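Accompanying notes for the structure given below.
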Amino acid sequence: MRHKAICQLLFIALALPIILITSSRAAGQTATATPQLSPTDKAAVKRFEQRVKGYMKLRNQVKARLPKLSKDATPEQIESYRANFEAAVRNTRKGAKPSDIFNHEGSDYIRRTLKANFVGRDRVELREIVFNGETAGVKVRVNYPYPDQTEFVEMPPTVLLNLPQLPPEVKYRFVGRNLLLVDRDNNLILDYMTNALP
C-alpha cells in the first residue's frame, strides 16, 4: 500500500509540469520569446546598458563615502540615510539632463519594442493600468526625486525580458505615457523618455 502511494506521488510530481505547460498554452499564456536583434539594435542596447552602468558606478562611489547604516537602525535613521544618499547623488549629477541615458537610438529601440509587445488585449490592459495609476502629480524631471507616496506603475515582467536589462537598483516606471528610469534606493529620476507607450 505504501509502495503504491509513493508511486502515485512520483507520477503526480512528474506529470504536473506537463499539465501546467499544456494548460497555460491552452489558455494562450505563452511566454514572450526574446527577439533576434539586428546588429544596429544590439549596439544600441549595449550602449544604453553601458550608460546605466556609468550611473551605477557613480552612485556606488557616492554611497561608499556615506556613513554606514547599522543593522539596528531605527526607521528615522534609515530615512535620514536615504535622504542623505539622495542629496549626495543629486549633487554629483548636477549637470544631468534628459536623454543622457535615454538617448535617441536607445529611445527608438525601446519605443519599437513596446509597440511590438503591446498589441490587442495586452495593449488595452497596459494602458488601463498606466492611465488609472495615481501618478498625475509626478513632475517628470531628471535628477529630482520620485514622490515617496506616489503609486508606482512598473513594466510588466514579460516585456522586461525584451528591453535593455537594468541592475536591481534601477527600475523602469511609467508616468502617463512617459517612461522613467528611477533609482529605487534613493528615488531619483535618472532619465525619462516621452510618449513611450504606444
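Ordered as shown in the C-alpha cells, chains take letters A, B, and onward, while each chain numbers its residues from 1 and ligands are numbered from 1 in the order shown.
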Could you pull out the strand (DSSP E) residues of segment 64-197 of chain A, going by DSSP on the backbone, and write them as a tab-separated table (two decimals) with N, CA and C atoms, in the first residue's frame?
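So part.tsv came out as:
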chain	number	residue	atom	x	y	z
A	170	VAL	N	17.85	49.81	-10.27
A	170	VAL	CA	17.20	50.75	-11.19
A	170	VAL	C	15.96	50.10	-11.80
A	171	LYS	N	14.88	50.88	-11.88
A	171	LYS	CA	13.61	50.37	-12.40
A	171	LYS	C	13.07	51.25	-13.52
A	172	TYR	N	12.34	50.59	-14.46
A	172	TYR	CA	11.53	51.32	-15.43
A	172	TYR	C	10.20	51.64	-14.73
A	173	ARG	N	9.71	52.86	-14.89
A	173	ARG	CA	8.40	53.22	-14.35
A	173	ARG	C	7.66	54.12	-15.32
A	174	PHE	N	6.35	53.95	-15.39
A	174	PHE	CA	5.51	54.80	-16.22
A	174	PHE	C	4.91	55.94	-15.43
A	175	VAL	N	4.89	57.13	-16.03
A	175	VAL	CA	4.09	58.25	-15.56
A	175	VAL	C	3.34	58.73	-16.79
A	178	ASN	N	4.88	58.55	-20.40
A	178	ASN	CA	6.33	58.71	-20.25
A	178	ASN	C	6.94	57.52	-19.51
A	179	LEU	N	8.12	57.11	-19.95
A	179	LEU	CA	8.84	56.03	-19.30
A	179	LEU	C	10.03	56.59	-18.56
A	180	LEU	N	10.12	56.27	-17.27
A	180	LEU	CA	11.19	56.81	-16.43
A	180	LEU	C	12.18	55.72	-16.03
A	181	LEU	N	13.41	56.14	-15.75
A	181	LEU	CA	14.38	55.30	-15.05
A	181	LEU	C	14.50	55.88	-13.65
A	182	VAL	N	14.25	55.05	-12.63
A	182	VAL	CA	14.26	55.52	-11.24
A	182	VAL	C	15.17	54.63	-10.41
A	183	ASP	N	16.02	55.25	-9.61
A	183	ASP	CA	16.85	54.51	-8.65
A	183	ASP	C	15.98	54.23	-7.43
A	189	ILE	N	14.86	60.27	-10.16
A	189	ILE	CA	14.54	60.04	-11.58
A	189	ILE	C	15.84	60.28	-12.36
A	190	LEU	N	16.38	59.23	-12.92
A	190	LEU	CA	17.68	59.32	-13.61
A	190	LEU	C	17.50	59.89	-15.01
A	191	ASP	N	16.42	59.51	-15.67
A	191	ASP	CA	16.16	60.00	-17.02
A	191	ASP	C	14.72	59.61	-17.37
A	192	TYR	N	14.22	60.15	-18.47
A	192	TYR	CA	12.88	59.79	-18.92
A	192	TYR	C	12.79	59.96	-20.43
A	193	MET	N	11.84	59.26	-21.02
A	193	MET	CA	11.55	59.43	-22.44
A	193	MET	C	10.05	59.66	-22.59
query: Which neighbours of Val62 of chain A fall inside 9 Å, counting only C-alpha atoms, when residues of the same chain fewer than 5 positions from it are skipped, and could you give them as an MDAnalysis selection string?
result: chainID A and resid 57 85 88:89 92
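The residue that comes closest to Arg184 of chain A, out of A:Leu166, A:Ala64, A:Leu58, A:Leu69 and on the basis of only C-alpha atoms, is A:Leu166.
Using only C-alpha atoms, the smallest distance between any of A:Ser107, A:Gln77, A:Asn84, A:Thr158 and Ala196 of chain A comes from A:Ser107.
Closest approach to Leu163 of chain A among A:Arg121, A:Arg111, A:Lys71, A:Arg90 is made by A:Arg111 (distances from only C-alpha atoms).
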Students should find that atom CA of Val45 of chain A and atom CA of Glu169 of chain A are spaced 18.4 Å
Give the helix (DSSP H, G or I) residues of segment 20-195 of chain A, as assigned by DSSP on the backbone, as a ChimeraX atom specification.
/A:20-26,39-65,75-92,104-117,120-132,157-160
The residue from A:Glu125, A:Asp185, A:Glu154, A:Asp41 with the smallest atom-to-atom distance to Glu105 of chain A, counting only C-alpha atoms, is A:Asp41
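One finds atom CA of Asn187 of chain A at 16.8 Å from atom CA of Pro75 of chain A.
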Which residues come within 7 Å of Glu86 of chain A, counting only C-alpha atoms, excluding same-chain residues fewer than 4 positions away, as a PDB file with C-alpha atoms, in the first residue's frame?
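The result, written out as selection17.pdb:
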ATOM      1  CA  ARG A  82      18.153  57.669   2.277  1.00  0.00           C
ATOM      2  CA  ARG A  90      21.828  64.724  -6.873  1.00  0.00           C
ATOM      3  CA  ASN A 186      17.161  56.949  -3.385  1.00  0.00           C
ATOM      4  CA  LEU A 188      15.875  59.757  -8.032  1.00  0.00           C
TER       5      LEU A 188
END
The distance between atom CA of Pro145 of chain A and atom CA of Arg93 of chain A is 12.8 Å
